[in-house]
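A.B. asks: Attaching a single structure in structure tokens format; questions to follow.
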There are 2 protein chains.
Amino acid sequence: MIVSTRGRYALRMMTGLAGHGGSVSLRELAEEEEVPFKYAEAIARVLVKAGFIESARGKNGGYRLVRPPEAYTLAEVLRETETSLSATDCTGRKEAECPRAATCPTLPVWRALDETVNEFLSRYTLLDLMPNR
Amino acid sequence: MIVSTRGRYALRMMTGLAGHGGSVSLRELAEEEEVPFKYAEAIARVLVKAGFIESARGKNGGYRLVRPPEAYTLAEVLRETETSLSATDCTGRKEAECPRAATCPTLPVWRALDETVNEFLSRYTLLDLMPNR
DNA sequence: TATAATACCTACAAAATAAGTAGGAAATAG
DNA sequence: CTATTTCCTACTTATTTTGTAGGTATTATA
């Protein structure tokens with residue numbers, strides 16, 4: 001599977017933020033988007049580190065989207081939130097490990113598949129995931 | 001990840017069979033292709049059931065490919081050997097479970113991604129995975 | 001017909017990954 | 001000062017994938 005629960009939660013949280021104009025508390029956002037609060041915290045942290053969202057601490061704090069929703073591709077969001085977006089371990093986490101790599105006739109196919117998926121996911125933005133349009 | 005160890009083993013086993021002209025014992029094939037023997041047994045069974053390979057029992061028995069290698073697409077082999085070839089659970093194993101499905105704005109994207117991957121994997125055959133060509 | 005080699009089958013075990021939780025520390029508006 | 005909020009570390013649980021054990025059924029051939 002390419003896109004797991006975690007990545008889909010991330011996308012939901014970001015489109016959720018896009019729906020609100022300004023700052024939203026995670027408590028509220030997680031509730032709205034039906035993402036387990038504590039899991040949402042972990043995901044939010046990643047999104048902040050990636051520079052996708054900004055946070056304000058303390059009372060009346062919360063998160064907000066940095067860019068307009070059409071300026072985030074699914075590819076870039078998922079690259080940060082998924083463990084790996086590669087089609088196989090051969091081109092992902094275990095790329096370095098495989099002793100067959102040098103001569104493997106299948107490896108170029110996986111690379112091309114990765115490229116195909118990446119192009120696909122780069123053609124969609126958060127705006128495409130917003131309801132009512 | 002789309003293609004796991006299991007699916008890759010299956011492809012290796014089939015190209016291995018294609019390399020030999022006739023019947024090969026699993027012991028030999030598994031050794032050549034560096035697939036754990038007992039795991040190879042399980043995979044072979046699936047390939048037989050799918051009609052991709054044929055078996056002969058008893059002494060001097062073994063497996064052989066039914067069609068010429070160019071007549072198997074990666075898509076059809078992987079559909080039988082991978083748990084799911086879908087991009088997400090939303091379009092795979094848990095498709096029926098999701099209460100959001102009817103209105104989910106993201107679902108069409110996952111369906112289109114599945115289609116893209118399927119088309120890609122349908123453009124390659126076992127012949128493309130054979131060494132020395 | 002006995003034997004050795006082989007495919008076939010069921011059930012289990014181990015390893016890896018993904019999903020989710022607990023419990024607090026640090027910051028900030030009011 | 002207090003309530004609310006983000007931030008952080010560590011842990012637990014669930015699920016999936018990978019692999020193994022131990023045998024039964026079949027068949028060529030000596």
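Residue numbering restarts at 1 for every chain of the structure tokens, chains are lettered A, B, ... in their displayed order, and ligands are numbered from 1 as they appear.
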I'd like the neighbourhood of segment 8-15 of chain C as a compact mmCIF listing (two decimals) with C-alpha atoms (C1' of nucleotides), in the first residue's frame, where a residue qualifies if any of its atoms comes within 10 Å (using only C-alpha atoms (C1' of nucleotides)), though same-chain residues fewer than 3 positions away should be ignored.
C.D. replies:
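Written output follows (result-v4.txt):
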# COMPACT_ATOMS: atom_id res chain seq x y z
CA GLU B 41 6.48 -23.57 -1.68
CA ALA B 42 3.68 -21.33 -0.51
CA ARG B 45 1.02 -23.09 -4.73
CA ARG B 57 4.60 -34.52 -8.61
C1' DT D 17 4.44 -9.76 6.45
C1' DT D 18 7.79 -13.14 6.35
C1' DG D 19 9.29 -17.41 7.34
C1' DT D 20 9.26 -22.38 9.51
C1' DA D 21 7.78 -27.10 11.13
C1' DG D 22 6.11 -31.26 10.28
C1' DG D 23 3.94 -34.02 7.90
C1' DT D 24 0.86 -36.49 3.60
C1' DA D 25 0.28 -37.80 -1.30
C1' DT D 26 2.34 -38.93 -5.65
A.B. asks: Residues of chain C within 12 Å of chain A, counting only C-alpha atoms (C1' of nucleotides) - could you list those as a PDB file with C-alpha atoms (C1' of nucleotides), in the first residue's frame?
C.D. replies:
ATOM      1  C1'  DT C  17       5.647  -2.102  10.628  1.00  0.00           C
ATOM      2  C1'  DA C  18       1.843   0.860  11.640  1.00  0.00           C
ATOM      3  C1'  DA C  19      -1.352   2.811  14.810  1.00  0.00           C
ATOM      4  C1'  DG C  20      -2.324   4.627  18.936  1.00  0.00           C
ATOM      5  C1'  DT C  21      -1.563   6.112  24.129  1.00  0.00           C
ATOM      6  C1'  DA C  22       0.430   8.101  28.523  1.00  0.00           C
ATOM      7  C1'  DG C  23       2.197  11.586  31.038  1.00  0.00           C
ATOM      8  C1'  DA C  26       6.953  24.731  28.098  1.00  0.00           C
ATOM      9  C1'  DA C  27       4.575  28.671  26.532  1.00  0.00           C
ATOM     10  C1'  DT C  28       1.026  32.258  26.516  1.00  0.00           C
ATOM     11  C1'  DA C  29      -3.474  34.950  26.756  1.00  0.00           C
ATOM     12  C1'  DG C  30      -6.348  36.850  29.957  1.00  0.00           C
TER      13       DG C  30
END
A.B. asks: Taking the chain letters and numbering used in this document, name the residues of chain A that DSSP puts in strand (DSSP E), as a list of chain:residue names.
C.D. replies: A:Ile53, A:Glu54, A:Ser55, A:Ala56, A:Gly62, A:Tyr63, A:Arg64, A:Leu65
A.B. asks: Selected residues, C-alpha atoms, written as a short mmCIF file (atom, residue, chain, number, x, y, z; two decimals), in the first residue's frame, please.
C.D. replies:
data_model
loop_
_atom_site.label_atom_id
_atom_site.label_comp_id
_atom_site.auth_asym_id
_atom_site.auth_seq_id
_atom_site.Cartn_x
_atom_site.Cartn_y
_atom_site.Cartn_z
CA ILE A 53 1.76 24.59 8.98
CA GLU A 54 2.53 27.10 11.72
CA SER A 55 1.67 26.86 15.36
CA ALA A 56 0.86 29.27 18.16
CA GLY A 62 -3.51 26.48 17.42
CA TYR A 63 -2.36 25.72 13.93
CA ARG A 64 -2.81 27.34 10.57
CA LEU A 65 -1.85 26.62 7.01
#
A.B. asks: Determine, using only C-alpha atoms, which residues of chain B have any atom at most 7 Å from an atom of chain A, and tabulate each with its shortest atom pair and distance in Å to one decimal place, rows ordered by chain and then rising number, as CSV.
C.D. replies:
residue,atom,partner,partner_atom,distance
B:Met1,CA,A:Met1,CA,4.8
B:Ile2,CA,A:Ala87,CA,4.9
B:Val3,CA,A:Thr88,CA,5.2
B:Ser4,CA,A:Thr88,CA,6.3
B:Leu85,CA,A:Met1,CA,6.9
B:Ser86,CA,A:Met1,CA,6.1
B:Ala87,CA,A:Ile2,CA,4.9
B:Thr88,CA,A:Val3,CA,5.2
B:Pro105,CA,A:Leu129,CA,5.3
B:Thr106,CA,A:Leu129,CA,5.4
B:Leu129,CA,A:Pro105,CA,5.3
B:Met130,CA,A:Pro105,CA,6.6
B:Pro131,CA,A:Pro105,CA,5.9
A.B. asks: For the selection just defined, write its residues with C-alpha atoms to a file, as a PDB file, in the first residue's frame.
C.D. replies:
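Below is the file result_19.pdb, written as the result:
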ATOM      1  CA  MET B   1       4.734   0.024  -0.480  1.00  0.00           C
ATOM      2  CA  ILE B   2       3.091  -1.535  -3.470  1.00  0.00           C
ATOM      3  CA  VAL B   3       5.240  -4.553  -4.161  1.00  0.00           C
ATOM      4  CA  SER B   4       6.477  -6.583  -1.216  1.00  0.00           C
ATOM      5  CA  LEU B  85      -2.252  -3.953  -5.141  1.00  0.00           C
ATOM      6  CA  SER B  86      -4.343  -0.949  -4.154  1.00  0.00           C
ATOM      7  CA  ALA B  87      -2.806   2.378  -3.279  1.00  0.00           C
ATOM      8  CA  THR B  88      -4.771   2.620  -0.035  1.00  0.00           C
ATOM      9  CA  PRO B 105     -13.411  13.899  -1.858  1.00  0.00           C
ATOM     10  CA  THR B 106     -10.162  11.948  -1.804  1.00  0.00           C
ATOM     11  CA  LEU B 129      12.639  -8.960 -16.234  1.00  0.00           C
ATOM     12  CA  MET B 130      14.849 -11.590 -17.828  1.00  0.00           C
ATOM     13  CA  PRO B 131      18.568 -10.935 -17.601  1.00  0.00           C
TER      14      PRO B 131
END
A.B. asks: Can you work out which one of B:Leu47, B:Ala40, B:Ala96, B:Ala71 has the shortest atom-to-atom distance to chain D, counting only C-alpha atoms (C1' of nucleotides)?
C.D. replies: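 Comparing B:Leu47, B:Ala40, B:Ala96, B:Ala71 against chain D, the winner is B:Ala40.
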A.B. asks: Just the number, please: distance in Å from atom C1' of DT6 of chain C to atom CA of Arg67 of chain B, one decimal.
C.D. replies: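 Calculated distance between atom C1' of DT6 of chain C and atom CA of Arg67 of chain B is 22.8 Å.
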A.B. asks: Report the residues of chain B whose backbone DSSP state falls under helix (DSSP H, G or I), written as a PyMOL selection string.
C.D. replies: chain B and resi 5-19+26-33+37-49+69-71+74-81+89-91+107-122+126-129
A.B. asks: Chain D residues within 9 Å of chain A, counting only C-alpha atoms (C1' of nucleotides): which ones, as a list in words?
C.D. replies: DA3, DT4, DT5, DT6 and DC7 of chain D
